[in-house]
Amino acid sequence: MRITSIELQGFRNYTEADIRPCDGITVFTGNNAQGKTNILEAVYLSCTGRSHRTVHDKEMIKTGHDFARIKVEARRNDGMHDVEIALSQMGRRKIKVAGNPVSKSGEMLGHITGVLFAPEDLRMVKDGPSERRRFVDMELSQLRPKYYYALQRYARALKQRGALLKEASVNPAAVSMIDMFDEQLAQSGALIMDMRRNFIRKLSVRAGEIHAEVSGGLEKLSVEYCPSVQSEESGEALEYAIHETLRRARSIDLKRMVTSIGPHRDDVCMNLNGMDARAYGSQGQVRTCALSMKLSELSIMTEESGEAPVLMLDDVMSELDPGRRRMLLGMLSGVQTFVTCTDIEDLAGAQCGRVFKVINATLEEVQNR
């Protein structure tokens, strides 16, 4: 896949921009707070329907503007694809795919695909389970819209069950309605768990290979799915196991007024040489773990879709030592890559196709080295 154009209007600090990246490495360089990351955010939004920086659409609209618009076009093996997203201060966002309005955000997934590696991704290793679930959810949603819709159904049922658990403290009759939502959670939860388990098995193999290469064979990374429902079953058998676990946990859930088990409590465990990377990993090891996870994501997406997604590296070169930097640059062959940096020398040795200087949301192409 190759992104051919990125159009921005009223997005973040951009009044207007029309960017034509090259097929290889496109660099956006300049001082901090000039708008480099905003470009990657817009592309990531067209890939996943979500920003990696905010959950509020209004925060992505330029101050003083009523709306923002982004449009990303890409050339894929089966032809041209484009996704257009309009954000409004007054109402819901509007999405078009190939110029046609779509009613569900899941319908945009898979048209523009990308992997983003940003400094915030270090939280995937060091923070709580929600960051690691988010990593898995974003990847699987791009690959399989079916997974995305299952997440939506699960979230709705979870919210409704939670409301009933609270209501039951003052209205015992609400308890009888919980069964219906247990069934819904079991149905969508079984699909989520099945797909997470299969994906993480692939991820562990590929991330382990990449990490061994990055660390010179000195470290062994393994990735393990740690579900809150302990079952090796799949399909209807897994659905039954989730339903039974919910039933057994109900008395505790009623006391705590929260659903204590299910895919929303899953974790992804990363171990370095058999030790928990979250607890025992050094800062350098944490960076390498995060990099290995992201590059394995890129590899799996390429394998499953038959073409590489765009790789976006947001101000991460300065965070890597020269050895890891050279290794990363050496893996970019054949992958369209967008890089942001404050110092172009961080990309020494890279064959950059286009280099843009970004100053206050204005792009000026500079002569490549």
# chains A, B, ... in the order shown; residues from 1 in each chain; ligands from 1
$ residues_around --residues "Glu7 of chain A" --least-positions-apart "2" --cutoff "7 Å" --atoms "only C-alpha atoms" --output "MDAnalysis selection string"
chainID A and resid 5 9 17:19 70:72
$ write_last_selection --atoms "C-alpha atoms" --output "PDB file, in the first residue's frame"
ATOM      1  CA  SER A   5      -1.962  12.256  -0.813  1.00  0.00           C
ATOM      2  CA  GLN A   9      -8.373  21.455   6.454  1.00  0.00           C
ATOM      3  CA  ALA A  17      -2.334  21.379   3.638  1.00  0.00           C
ATOM      4  CA  ASP A  18      -1.948  19.115   0.619  1.00  0.00           C
ATOM      5  CA  ILE A  19       0.908  16.661   1.118  1.00  0.00           C
ATOM      6  CA  ILE A  70      -8.905  15.085   6.494  1.00  0.00           C
ATOM      7  CA  LYS A  71      -8.722  13.029   3.334  1.00  0.00           C
ATOM      8  CA  VAL A  72      -6.152  10.311   2.689  1.00  0.00           C
TER       9      VAL A  72
END
$ residues_around --residues "segment 325-334 of chain A" --least-positions-apart "6" --cutoff "9 Å" --atoms "only C-alpha atoms" --output "list of chain:residue names"
A:Asp23, A:Gly24, A:Ile25, A:Glu213, A:Val214, A:Leu291, A:Leu295, A:Ala308, A:Leu311, A:Met317, A:Ser318, A:Glu319, A:Asp346, A:Leu347, A:Ala348, A:Gly349, A:Ala350
$ select_by_dssp --residues "segment 165-255 of chain A" --states "strand (DSSP E)" --output "PDB file with N, CA and C atoms, in the first residue's frame"
ATOM      1  N   LEU A 221      12.570 -12.358  24.032  1.00  0.00           N
ATOM      2  CA  LEU A 221      11.259 -11.774  24.336  1.00  0.00           C
ATOM      3  C   LEU A 221      10.164 -12.768  24.007  1.00  0.00           C
ATOM      4  N   SER A 222       9.265 -12.977  24.948  1.00  0.00           N
ATOM      5  CA  SER A 222       8.072 -13.787  24.697  1.00  0.00           C
ATOM      6  C   SER A 222       6.848 -12.977  25.081  1.00  0.00           C
ATOM      7  N   VAL A 223       5.774 -13.170  24.335  1.00  0.00           N
ATOM      8  CA  VAL A 223       4.526 -12.436  24.560  1.00  0.00           C
ATOM      9  C   VAL A 223       3.432 -13.462  24.814  1.00  0.00           C
ATOM     10  N   GLU A 224       2.686 -13.265  25.882  1.00  0.00           N
ATOM     11  CA  GLU A 224       1.683 -14.257  26.298  1.00  0.00           C
ATOM     12  C   GLU A 224       0.332 -13.592  26.523  1.00  0.00           C
ATOM     13  N   TYR A 225      -0.705 -14.237  26.033  1.00  0.00           N
ATOM     14  CA  TYR A 225      -2.077 -13.776  26.281  1.00  0.00           C
ATOM     15  C   TYR A 225      -2.485 -14.219  27.673  1.00  0.00           C
ATOM     16  N   CYS A 226      -2.930 -13.256  28.488  1.00  0.00           N
ATOM     17  CA  CYS A 226      -3.328 -13.537  29.870  1.00  0.00           C
ATOM     18  C   CYS A 226      -4.793 -13.130  30.061  1.00  0.00           C
TER      19      CYS A 226
END
$ residues_around --residues "segment 101-105 of chain A" --least-positions-apart "4" --cutoff "12 Å" --atoms "only C-alpha atoms" --output "ChimeraX atom specification"
/A:45-50,82-86,92-97,109-111,141-142,145,148-149,152
$ write_last_selection --atoms "N, CA and C atoms" --output "JSON list (two decimals), in the first residue's frame"
[["chain", "number", "residue", "atom", "x", "y", "z"],
["A", 45, "LEU", "N", -5.70, 8.45, 12.14],
["A", 45, "LEU", "CA", -7.15, 8.57, 12.27],
["A", 45, "LEU", "C", -7.85, 7.93, 11.08],
["A", 46, "SER", "N", -7.28, 8.09, 9.89],
["A", 46, "SER", "CA", -7.88, 7.49, 8.69],
["A", 46, "SER", "C", -7.70, 5.98, 8.66],
["A", 47, "CYS", "N", -6.71, 5.48, 9.41],
["A", 47, "CYS", "CA", -6.48, 4.03, 9.48],
["A", 47, "CYS", "C", -7.39, 3.34, 10.48],
["A", 48, "THR", "N", -7.56, 3.94, 11.65],
["A", 48, "THR", "CA", -8.21, 3.27, 12.77],
["A", 48, "THR", "C", -9.52, 3.92, 13.22],
["A", 49, "GLY", "N", -9.77, 5.15, 12.76],
["A", 49, "GLY", "CA", -10.93, 5.88, 13.24],
["A", 49, "GLY", "C", -10.71, 6.53, 14.59],
["A", 50, "ARG", "N", -9.48, 6.41, 15.11],
["A", 50, "ARG", "CA", -9.16, 6.98, 16.42],
["A", 50, "ARG", "C", -7.85, 7.75, 16.35],
["A", 82, "ASP", "N", -9.71, 5.70, -0.77],
["A", 82, "ASP", "CA", -9.61, 6.96, -0.04],
["A", 82, "ASP", "C", -10.61, 6.98, 1.10],
["A", 83, "VAL", "N", -10.19, 7.63, 2.16],
["A", 83, "VAL", "CA", -11.02, 7.81, 3.36],
["A", 83, "VAL", "C", -11.05, 9.29, 3.68],
["A", 84, "GLU", "N", -12.24, 9.83, 3.89],
["A", 84, "GLU", "CA", -12.41, 11.24, 4.24],
["A", 84, "GLU", "C", -13.20, 11.32, 5.54],
["A", 85, "ILE", "N", -12.70, 12.11, 6.49],
["A", 85, "ILE", "CA", -13.35, 12.26, 7.79],
["A", 85, "ILE", "C", -13.57, 13.74, 8.05],
["A", 86, "ALA", "N", -14.81, 14.11, 8.37],
["A", 86, "ALA", "CA", -15.14, 15.49, 8.73],
["A", 86, "ALA", "C", -15.53, 15.53, 10.20],
["A", 92, "ARG", "N", -21.89, 14.95, 15.16],
["A", 92, "ARG", "CA", -21.05, 13.77, 15.02],
["A", 92, "ARG", "C", -20.18, 13.88, 13.78],
["A", 93, "ARG", "N", -19.10, 13.14, 13.79],
["A", 93, "ARG", "CA", -18.23, 13.12, 12.62],
["A", 93, "ARG", "C", -18.92, 12.44, 11.44],
["A", 94, "LYS", "N", -18.51, 12.80, 10.25],
["A", 94, "LYS", "CA", -19.03, 12.19, 9.04],
["A", 94, "LYS", "C", -17.87, 11.54, 8.29],
["A", 95, "ILE", "N", -18.12, 10.34, 7.77],
["A", 95, "ILE", "CA", -17.06, 9.58, 7.11],
["A", 95, "ILE", "C", -17.50, 9.21, 5.70],
["A", 96, "LYS", "N", -16.57, 9.35, 4.77],
["A", 96, "LYS", "CA", -16.79, 8.89, 3.41],
["A", 96, "LYS", "C", -15.68, 7.93, 3.01],
["A", 97, "VAL", "N", -16.05, 6.87, 2.32],
["A", 97, "VAL", "CA", -15.09, 5.93, 1.75],
["A", 97, "VAL", "C", -15.33, 5.90, 0.25],
["A", 109, "LEU", "N", -12.47, 0.81, 7.98],
["A", 109, "LEU", "CA", -11.29, 0.04, 8.35],
["A", 109, "LEU", "C", -10.82, -0.83, 7.19],
["A", 110, "GLY", "N", -9.49, -0.91, 7.05],
["A", 110, "GLY", "CA", -8.91, -1.77, 6.04],
["A", 110, "GLY", "C", -8.63, -1.08, 4.72],
["A", 111, "HIS", "N", -9.11, 0.16, 4.56],
["A", 111, "HIS", "CA", -8.85, 0.88, 3.31],
["A", 111, "HIS", "C", -7.49, 1.57, 3.34],
["A", 141, "SER", "N", -8.49, -4.60, 14.76],
["A", 141, "SER", "CA", -9.61, -3.88, 14.14],
["A", 141, "SER", "C", -9.28, -3.52, 12.69],
["A", 142, "GLN", "N", -8.00, -3.16, 12.43],
["A", 142, "GLN", "CA", -7.61, -2.85, 11.06],
["A", 142, "GLN", "C", -7.64, -4.09, 10.18],
["A", 145, "PRO", "N", -12.52, -6.16, 10.52],
["A", 145, "PRO", "CA", -13.65, -5.35, 11.01],
["A", 145, "PRO", "C", -14.61, -6.15, 11.90],
["A", 148, "TYR", "N", -13.71, -5.54, 15.33],
["A", 148, "TYR", "CA", -14.10, -4.18, 15.75],
["A", 148, "TYR", "C", -15.56, -4.14, 16.16],
["A", 149, "TYR", "N", -16.43, -4.77, 15.37],
["A", 149, "TYR", "CA", -17.86, -4.77, 15.70],
["A", 149, "TYR", "C", -18.14, -5.59, 16.97],
["A", 152, "GLN", "N", -17.44, -3.39, 19.88],
["A", 152, "GLN", "CA", -18.53, -2.44, 20.10],
["A", 152, "GLN", "C", -19.71, -3.09, 20.82]]
$ residues_around --residues "Glu307 of chain A" --least-positions-apart "3" --cutoff "8 Å" --atoms "only C-alpha atoms" --output "PDB file with C-alpha atoms, in the first residue's frame"
ATOM      1  CA  MET A   1       0.000   0.000   0.000  1.00  0.00           C
ATOM      2  CA  ARG A  76      -3.387  -0.669  -3.037  1.00  0.00           C
ATOM      3  CA  ASN A  77      -3.011  -3.898  -4.991  1.00  0.00           C
ATOM      4  CA  MET A 301      -0.205  -6.889   8.752  1.00  0.00           C
ATOM      5  CA  THR A 302       1.988  -7.318   5.679  1.00  0.00           C
ATOM      6  CA  GLU A 303       1.689 -11.103   5.828  1.00  0.00           C
TER       7      GLU A 303
END
$ residues_around --residues "Glu120 of chain A" --least-positions-apart "5" --cutoff "10 Å" --atoms "only C-alpha atoms" --output "count of residues only"
6
$ closest_residue --among "A:Cys289, A:Val310, A:Met257, A:Leu8" --to "Ile39 of chain A" --atoms "only C-alpha atoms"
A:Leu8
$ residues_around --residues "Phe67 of chain A" --least-positions-apart "2" --cutoff "12 Å" --atoms "only C-alpha atoms" --output "ChimeraX atom specification"
/A:8-12,14-15,57-65,69-70,85-94
$ atom_distance --atom1 "atom CA of Leu40 of chain A" --atom2 "atom CA of Met312 of chain A"
6.7 Å
